[in-house]
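Structure, as structure tokens:
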Amino acid sequence: MNVSVSPAKLQSPSHLAALRQIERKLLWLSAWTIHHANRIRPNRDGLKVGGHQASCASVISIMTALYFDRLRPQDRVAVKPHASPVFHAINHLFGRQSIDKMAGLRALGGAQAYPSRVKDGPEIDFSTGSVGLGVAITSFASLIQDYVRLHALADATHPSGRHIAIAGDAELDEGNIYEALLEGWKHDVRNVWWIVDYNRQSLDSVVQDRLFGRFEGLFGDMGWNVVRIKHGRTQQAAFARPGGAALRAWIDDCPNSHYAALTFQGGEAWRTALLTDLGRDAKLRKIIDPLTDDELGHLMTNLGGHDIETLLDAFAAAEADGDKPTCFIAYTIKGMGLPFAGHKDNHSGLMTAEQMDQFRDAMRIRPGHEWDAFEGLDLAPTELRRFIDTRPFAQPLSPQGRALVAPVVPVPAETPATKRAGRTMSTQTGFGEILGEIGRAEGAWRDISARVVTSSPDVTVSTNLGPWVNRRGLFDRHIRNDVFRDSKVASLQRWGMSPGGQHIELGIAEQNLFLLLGAAGLAHSLYGARLFPIGTVYDPFVNRGLDALIYACYQDSRFLLVSTPSGITLAPEGGQHQSVNTPLIGMAQDRLASFEPAYVDELAILLRHAFAHMQAPDGSAVWLRLSTRGLAQKPRTLDPDAVIAGAHWVVPPGQGAPIALAYQGPVAPDVEAAFDILREDVPTAGLLAITSPDRLHAGWLAAQRARRAGTRTTSHIEHILAPLSPGAALVTVLDGHPSALAWLGAVAGQRVIPLGVDRFGQSADIPDLYREYQLDTDAILDACAQALLPRS
Ligand SMILES: Cc1ncc(C[n+]2csc(CCOP(=O)(O)OP(=O)(O)O)c2C)c(N)n1
Ligand SMILES: [Mg+2]
């Protein structure tokens, strides 16, 4: 669909005039905020502060039309990362952003470089920064909005919003966009707008022309409306005149890079180029000859994305078209209105002090009044204030503002019991059974289970979500029957889909899993509905979705990630599916508490903890790394606090013991066997079960920081290691990179012999693999012998 000339029915002249004043103010404030941070604020380290005046300039009209006309409070927006200063300026006009924060752009406590939910506060609906992800999450969030409404988990009086991404055109190069498009199509996603700031420039260069011809087809194939907003009113009026068709054809045929260069060069260059190609067209000459260079420059740069009226018409037409997902390709010029408009190097370009002075004069801003919201405008401040305050988006979404809240759901004291004592069982099986029990929705867990939403990228059955899904069904906005079941074909899986289902099945695209978890884990804040999103994935493929996982954590999203199988212990299933680095990711990732239980009793404690931790103000997302190796489950009583803190003694060491064995995860039986032999020689030796190097390490760092600040405190791992002798040896064993536990030696200055996996790719059974990688009982005993040798 092309938006062509149509009268601006909706807007009165005074309305448009006010919007144009706001455009002008946003252009100034965004450029000034960046200029101030780079050239006025003292610079102590000599490093570039940065900021993107050109990227801001190209999106001014789009954001003005949205925020000051079309957006309603319930709409949720992902703003392209480099438009952050425009966004802060908008909030400043709405009275929701302070000058101090803007003046502190990119400084400690100031406005962030890119919009950040955690650091910039509740005005931010979605953080952005890693290009592509902010765009795609809007599609998953819209799905979650439908989910919470169809499950009656949100306040029904609260209207549904539209999910809007204001995207840079280079974001469309990111593959995750297309993964999300495909998944969105499968789930019949709606209420999503992606507005592409089509300035045909990225960071390095001018974008290839041929590529962009593809977008309409791609989006159209996925069931989206595509709206091209190419020409502004001035251009459309010129095209309607005799000779205008030739002008339009010339513009349409002009290669992106040539257009950009002419924009930079200005009116005279436009004239030369047009006359060279079309000089003999008398009708065209009648259009361009009477124009001054400036007027000609204005005509040629009057693209749709810079024309408020054209934009508003396009948005209104799409609204009238219903809730179908819509991609707007809004033609713009990077740096529009600034001296480097169109220059291919303008991405990080900053205006010079002289250019800024000229710009300030042109904006009629007196020195010292740069931050004033109404300085240098043609409308009286009271009139503009009234206009801004009466915008739909100025109205509060809730008494708390844009961040909604959902009450904490109490977590029952006991995890549902599974019959485990005496059984040989893997943590993966245990997880499936416990979740299946929670899915019975009886008794104390009913409130929790109603809010659990599971998801998996095509590994639902192989990660043991089957029992849960059989009980709770698959989610779909429409009822879709289970064809196999209806045809009476025997299957363990009952896969009927309905709006009441609680499992969202995804295709194999791990980034989509993390984007979905990221969106669902914000449901309390975005939709006022508490969800417990649980996603399962093969542990090695956490890496495939890693940036989206980090992105979800960056937004403080609350979800439970279950990754299984993990390590080399999946054995014959193979080399490529082995994961080595994931324990380290679990340690290094902020806002993600990671655990690896060996036995199902530990898992039960950790699962219960996860439901509480996901809701706690100082909590986070939770990650459980599980295994398919069956271990003989023991009857025993555990201290839940120790399991949650990351380690517990299975056999406490004698006071001053010279050695302890520590294991993490499914290597437990081999370590236990070695321990039994070791104890014959060293009766005081201890056996330590580590459930979380991440929590142990975090607790240790926190204690050190607290002590430096004068607080007396001891971390869990310090307590744990205290009985060992100062020169004791720790032999640590995990199915993962050994460095995840090697740091334990630094806690009390003890010696560590770290066993683990630092090479991978070999399929075999567990005995062969553990021998090959030196995780078996013999290798552990060899390490003990080495540890007990006197130090030379
Ligand atoms: C995943 C990722 N890769 C690279 C970058 C670095 N980067 C920041 S902006 C940008 C290009 C932006 O171009 P576009 O989306 O067209 O935005 P514009 O500034 O033109 O509006 C790149 C490559 C990033 N932020 N995220
Ligand atoms: Mg661009």
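Residue names in the structure tokens use chain letters A, B, ... in the order shown, residue numbers from 1 in each chain, and ligand numbers from 1 in the order shown.
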
Chain A residues near ligand 2 within 9 Å, closest pair each, using only C-alpha atoms and all ligand atoms, as a tab-separated table:
residue	atom	partner	partner_atom_place_in_ligand_line	distance
A:Ser55	CA	ligand 2	1 (Mg)	7.2
A:Ser58	CA	ligand 2	1 (Mg)	8.6
A:Ala167	CA	ligand 2	1 (Mg)	8.6
A:Gly168	CA	ligand 2	1 (Mg)	4.9
A:Asp169	CA	ligand 2	1 (Mg)	4.6
A:Ala170	CA	ligand 2	1 (Mg)	5.3
A:Glu171	CA	ligand 2	1 (Mg)	8.0
A:Val196	CA	ligand 2	1 (Mg)	8.7
A:Asp197	CA	ligand 2	1 (Mg)	6.6
A:Tyr198	CA	ligand 2	1 (Mg)	6.1
A:Asn199	CA	ligand 2	1 (Mg)	4.8
A:Arg200	CA	ligand 2	1 (Mg)	5.2
A:Gln201	CA	ligand 2	1 (Mg)	4.0
A:Ser202	CA	ligand 2	1 (Mg)	4.2
A:Leu203	CA	ligand 2	1 (Mg)	7.4
A:Val206	CA	ligand 2	1 (Mg)	8.2
A:Val207	CA	ligand 2	1 (Mg)	7.9
A:Thr332	CA	ligand 2	1 (Mg)	8.9
A:Ile333	CA	ligand 2	1 (Mg)	8.8
A:Lys334	CA	ligand 2	1 (Mg)	7.0
A:His347	CA	ligand 2	1 (Mg)	8.6

Just-selected residues, all heavy atoms written as a compact mmCIF listing (two decimals), in the first residue's frame:
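File produced: part-v5.txt:
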# COMPACT_ATOMS: atom_id res chain seq x y z
N SER A 55 21.27 10.21 13.51
CA SER A 55 20.25 9.16 13.70
C SER A 55 19.02 9.74 14.39
O SER A 55 17.89 9.32 14.11
CB SER A 55 20.78 8.03 14.56
OG SER A 55 21.95 7.50 14.03
N SER A 58 16.86 11.93 11.85
CA SER A 58 16.06 11.28 10.81
C SER A 58 14.72 10.78 11.35
O SER A 58 13.80 10.54 10.58
CB SER A 58 16.85 10.16 10.12
OG SER A 58 16.84 8.98 10.85
N ALA A 167 12.19 1.40 14.24
CA ALA A 167 13.39 0.63 13.90
C ALA A 167 14.31 1.39 12.96
O ALA A 167 13.84 2.09 12.06
CB ALA A 167 12.97 -0.68 13.24
N GLY A 168 15.60 1.24 13.15
CA GLY A 168 16.54 1.70 12.14
C GLY A 168 16.51 0.72 10.97
O GLY A 168 16.24 -0.46 11.16
N ASP A 169 16.78 1.22 9.76
CA ASP A 169 16.67 0.30 8.61
C ASP A 169 17.72 -0.79 8.66
O ASP A 169 17.48 -1.91 8.21
CB ASP A 169 16.66 1.04 7.27
CG ASP A 169 17.73 2.10 7.15
OD1 ASP A 169 18.50 2.30 8.11
OD2 ASP A 169 17.77 2.75 6.09
N ALA A 170 18.89 -0.52 9.25
CA ALA A 170 19.91 -1.56 9.31
C ALA A 170 19.50 -2.68 10.26
O ALA A 170 20.05 -3.78 10.20
CB ALA A 170 21.25 -0.97 9.74
N GLU A 171 18.54 -2.42 11.13
CA GLU A 171 18.08 -3.49 12.02
C GLU A 171 17.47 -4.64 11.22
O GLU A 171 17.44 -5.79 11.66
CB GLU A 171 17.06 -2.96 13.03
CG GLU A 171 17.62 -1.84 13.90
CD GLU A 171 16.88 -1.66 15.21
OE1 GLU A 171 16.90 -2.57 16.03
OE2 GLU A 171 16.30 -0.58 15.41
N VAL A 196 9.83 1.60 10.12
CA VAL A 196 11.25 1.59 9.75
C VAL A 196 11.68 3.00 9.33
O VAL A 196 11.11 3.58 8.40
CB VAL A 196 11.51 0.60 8.60
CG1 VAL A 196 12.99 0.56 8.26
CG2 VAL A 196 11.01 -0.79 8.99
N ASP A 197 12.66 3.51 10.05
CA ASP A 197 13.26 4.80 9.71
C ASP A 197 14.20 4.53 8.53
O ASP A 197 15.37 4.22 8.70
CB ASP A 197 14.02 5.31 10.94
CG ASP A 197 14.82 6.55 10.65
OD1 ASP A 197 14.72 7.09 9.53
OD2 ASP A 197 15.56 6.98 11.57
N TYR A 198 13.62 4.65 7.35
CA TYR A 198 14.30 4.17 6.14
C TYR A 198 15.22 5.26 5.59
O TYR A 198 14.96 5.88 4.56
CB TYR A 198 13.21 3.76 5.14
CG TYR A 198 13.69 3.04 3.91
CD1 TYR A 198 14.89 2.37 3.87
CD2 TYR A 198 12.90 3.03 2.76
CE1 TYR A 198 15.31 1.72 2.74
CE2 TYR A 198 13.30 2.38 1.62
CZ TYR A 198 14.51 1.73 1.61
OH TYR A 198 14.92 1.09 0.47
N ASN A 199 16.27 5.52 6.35
CA ASN A 199 17.21 6.57 5.90
C ASN A 199 18.27 5.98 4.98
O ASN A 199 19.16 6.69 4.51
CB ASN A 199 17.82 7.32 7.09
CG ASN A 199 18.57 6.41 8.04
OD1 ASN A 199 19.09 5.35 7.64
ND2 ASN A 199 18.66 6.79 9.30
N ARG A 200 18.17 4.72 4.74
CA ARG A 200 19.05 4.01 3.81
C ARG A 200 20.52 4.19 4.16
O ARG A 200 21.40 4.12 3.34
CB ARG A 200 18.77 4.43 2.36
CG ARG A 200 17.42 3.91 1.90
CD ARG A 200 16.77 4.78 0.88
NE ARG A 200 16.32 6.02 1.47
CZ ARG A 200 16.04 7.10 0.78
NH1 ARG A 200 16.16 7.11 -0.51
NH2 ARG A 200 15.62 8.19 1.39
N GLN A 201 20.75 4.45 5.45
CA GLN A 201 22.12 4.51 5.93
C GLN A 201 22.22 3.69 7.19
O GLN A 201 21.29 3.65 8.00
CB GLN A 201 22.49 5.96 6.26
CG GLN A 201 22.81 6.79 5.04
CD GLN A 201 23.30 8.16 5.46
OE1 GLN A 201 22.55 9.10 5.45
NE2 GLN A 201 24.55 8.24 5.85
N SER A 202 23.37 3.04 7.35
CA SER A 202 23.62 2.31 8.58
C SER A 202 24.78 2.96 9.28
O SER A 202 24.91 4.19 9.28
CB SER A 202 23.87 0.83 8.27
OG SER A 202 25.00 0.71 7.44
N LEU A 203 25.67 2.16 9.87
CA LEU A 203 26.79 2.77 10.58
C LEU A 203 27.90 3.10 9.60
O LEU A 203 28.43 4.20 9.59
CB LEU A 203 27.28 1.79 11.66
CG LEU A 203 28.12 2.36 12.79
CD1 LEU A 203 28.10 1.39 13.98
CD2 LEU A 203 29.55 2.60 12.38
N VAL A 206 26.05 3.74 3.02
CA VAL A 206 24.71 3.83 2.44
C VAL A 206 24.28 2.41 2.09
O VAL A 206 25.03 1.63 1.53
CB VAL A 206 24.74 4.72 1.18
CG1 VAL A 206 23.35 4.76 0.53
CG2 VAL A 206 25.21 6.13 1.53
N VAL A 207 23.06 2.08 2.45
CA VAL A 207 22.57 0.72 2.28
C VAL A 207 22.31 0.43 0.80
O VAL A 207 21.87 1.30 0.06
CB VAL A 207 21.29 0.56 3.11
CG1 VAL A 207 20.62 -0.76 2.84
CG2 VAL A 207 21.60 0.72 4.58
N THR A 332 13.36 8.51 4.90
CA THR A 332 13.91 9.64 5.65
C THR A 332 15.32 9.94 5.16
O THR A 332 15.88 9.19 4.35
CB THR A 332 14.00 9.33 7.16
OG1 THR A 332 14.80 8.16 7.31
CG2 THR A 332 12.64 9.12 7.78
N ILE A 333 15.87 11.00 5.71
CA ILE A 333 17.26 11.37 5.41
C ILE A 333 18.00 11.43 6.73
O ILE A 333 17.54 12.11 7.67
CB ILE A 333 17.30 12.73 4.69
CG1 ILE A 333 16.76 12.55 3.26
CG2 ILE A 333 18.70 13.32 4.69
CD1 ILE A 333 16.34 13.81 2.61
N LYS A 334 19.10 10.70 6.79
CA LYS A 334 19.85 10.69 8.05
C LYS A 334 20.46 12.07 8.26
O LYS A 334 21.14 12.60 7.36
CB LYS A 334 20.92 9.60 7.98
CG LYS A 334 21.50 9.23 9.32
CD LYS A 334 22.01 7.81 9.28
CE LYS A 334 22.78 7.44 10.51
NZ LYS A 334 23.11 6.00 10.55
N HIS A 347 27.06 8.92 10.71
CA HIS A 347 26.45 8.12 11.79
C HIS A 347 26.91 8.61 13.18
O HIS A 347 26.11 8.86 14.06
CB HIS A 347 26.77 6.64 11.63
CG HIS A 347 26.12 5.80 12.68
ND1 HIS A 347 24.78 5.48 12.67
CD2 HIS A 347 26.62 5.23 13.81
CE1 HIS A 347 24.49 4.75 13.73
NE2 HIS A 347 25.59 4.58 14.44

Got a sec: who's within 12 Å of Phe126 in chain A, counting only C-alpha atoms, leaving out chain neighbours fewer than 4 positions off, as a ChimeraX atom specification? /A:75-81,84,114-122,130,133-141,163-166,402-403,515,518-519,522-523,525-526,551-557

Using only C-alpha atoms and all ligand atoms for the distances, tell me which of A:Ala742, A:Met336, A:Leu108, A:Ile534 is nearest to ligand 1.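 Smallest distance to ligand 1 is found for A:Met336.
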
From the options A:Arg771, A:Arg705, A:Arg591, A:Lys230, which residue's atoms come nearest to Gly756 in chain A, counting only C-alpha atoms?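 Residue with the minimum atom-to-atom distance to Gly756 in chain A: A:Arg771.
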
Measuring between only C-alpha atoms and all ligand atoms, which one of A:Ile438, A:Ile780, A:Ile288, A:Ala54 shows the shortest distance to ligand 1?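 Looking at the shortest contact to ligand 1, the residue is A:Ala54.
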
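The residue that comes closest to ligand 1, out of A:Leu560, A:Cys56, A:Ile434, A:Val461 and on the basis of only C-alpha atoms and all ligand atoms, is A:Cys56.
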
Separation of CA of Tyr599 in chain A and CA of Leu516 in chain A, in Å?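 Going from CA of Tyr599 in chain A over to CA of Leu516 in chain A, I get 29.2 Å.
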
Show me, as a ChimeraX atom specification, the residues that have an atom within 7 Å of range 256-269 of chain A when counting only C-alpha atoms, minus same-chain residues fewer than 3 positions from it. /A:200,206,209,272-273,293-294,296-297,301,340-343

Length of the CA of His577 in chain A to CA of Ser462 in chain A vector [Å]: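 We find that CA of His577 in chain A and CA of Ser462 in chain A lie 13.4 Å from each other.
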
So which residues touch Glu354 in chain A within 12 Å, counting only C-alpha atoms, skipping near sequence neighbours fewer than 5 positions away, as a list in words? His35, Arg39, Pro339, Phe359, Arg360 and Asp361 of chain A

Find the distance between CA of His648 in chain A and CA of Ala588 in chain A and write it in Å to one decimal.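 One can read the CA of His648 in chain A to CA of Ala588 in chain A distance as 21.9 Å.
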
Spatial neighbours of Arg629 in chain A, max dist 9 Å, only C-alpha atoms, sep filter under 3 positions, as number ranges by chain: A: 425-428, 565, 569-570, 666

Dump of C-alpha atoms for the selected residues, as a JSON list (two decimals), in the first residue's frame:
[["chain", "number", "residue", "atom", "x", "y", "z"],
["A", 425, "MET", "CA", 16.41, -40.69, 38.05],
["A", 426, "SER", "CA", 17.94, -37.78, 36.18],
["A", 427, "THR", "CA", 17.39, -34.14, 37.04],
["A", 428, "GLN", "CA", 15.66, -33.73, 33.67],
["A", 565, "PRO", "CA", 20.83, -32.09, 28.52],
["A", 569, "THR", "CA", 27.17, -36.40, 29.94],
["A", 570, "LEU", "CA", 24.56, -36.72, 27.20],
["A", 666, "PRO", "CA", 25.88, -35.41, 37.23]]

Residues of range 169-203 of chain A in strand (DSSP E) according to DSSP, as a list in words? Val192, Trp193, Trp194, Ile195, Val196, Asp197 and Tyr198 of chain A

Write out as number ranges by chain the set of residues from range 39-271 of chain A that DSSP, computed on the backbone, places in alpha helix (DSSP H). A: 53-58, 60-65, 84-93, 99-103, 117-120, 133-150, 175-186, 209-221, 233-239, 244-253, 256-265, 267-271

Neighbouring residues of Gly656 in chain A were defined as those with any atom within 8 Å, considering only C-alpha atoms; residues of the same chain fewer than 4 positions away were excluded. Please report them as a PyMOL selection string. chain A and resi 723-726+728

Could you give me, as a list in words, the residues within 10 Å of Ile585 in chain A, counting only C-alpha atoms and dropping anything in the same chain fewer than 6 positions from it?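 Result of the neighbour search: Val542, Asn543, Leu546, Ile550, Leu592, Ser594, Asp694 and Ala740 of chain A.
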
Now that the selection is made, can you save its residues with N, CA and C atoms as an mmCIF file, in the first residue's frame?
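The new file again-v8.cif reads:
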data_model
loop_
_atom_site.group_PDB
_atom_site.id
_atom_site.type_symbol
_atom_site.label_atom_id
_atom_site.label_comp_id
_atom_site.auth_asym_id
_atom_site.auth_seq_id
_atom_site.Cartn_x
_atom_site.Cartn_y
_atom_site.Cartn_z
ATOM 1 N N VAL A 542 21.911 -22.683 24.312
ATOM 2 C CA VAL A 542 21.812 -21.392 25.002
ATOM 3 C C VAL A 542 22.708 -20.403 24.252
ATOM 4 N N ASN A 543 23.825 -20.925 23.769
ATOM 5 C CA ASN A 543 24.744 -20.055 23.030
ATOM 6 C C ASN A 543 24.094 -19.475 21.773
ATOM 7 N N LEU A 546 22.113 -16.565 22.863
ATOM 8 C CA LEU A 546 22.732 -15.879 24.006
ATOM 9 C C LEU A 546 22.466 -14.373 24.040
ATOM 10 N N ILE A 550 20.843 -12.426 27.151
ATOM 11 C CA ILE A 550 21.454 -11.275 27.831
ATOM 12 C C ILE A 550 20.501 -10.078 27.778
ATOM 13 N N LEU A 592 20.744 -13.119 36.583
ATOM 14 C CA LEU A 592 20.415 -14.500 36.253
ATOM 15 C C LEU A 592 21.084 -15.372 37.306
ATOM 16 N N SER A 594 22.094 -18.878 38.557
ATOM 17 C CA SER A 594 22.257 -20.147 37.846
ATOM 18 C C SER A 594 22.597 -21.278 38.807
ATOM 19 N N ASP A 694 27.773 -19.980 40.616
ATOM 20 C CA ASP A 694 27.339 -18.597 40.405
ATOM 21 C C ASP A 694 26.952 -17.929 41.713
ATOM 22 N N ALA A 740 35.159 -22.883 36.170
ATOM 23 C CA ALA A 740 33.958 -22.507 36.935
ATOM 24 C C ALA A 740 34.150 -22.746 38.432
#
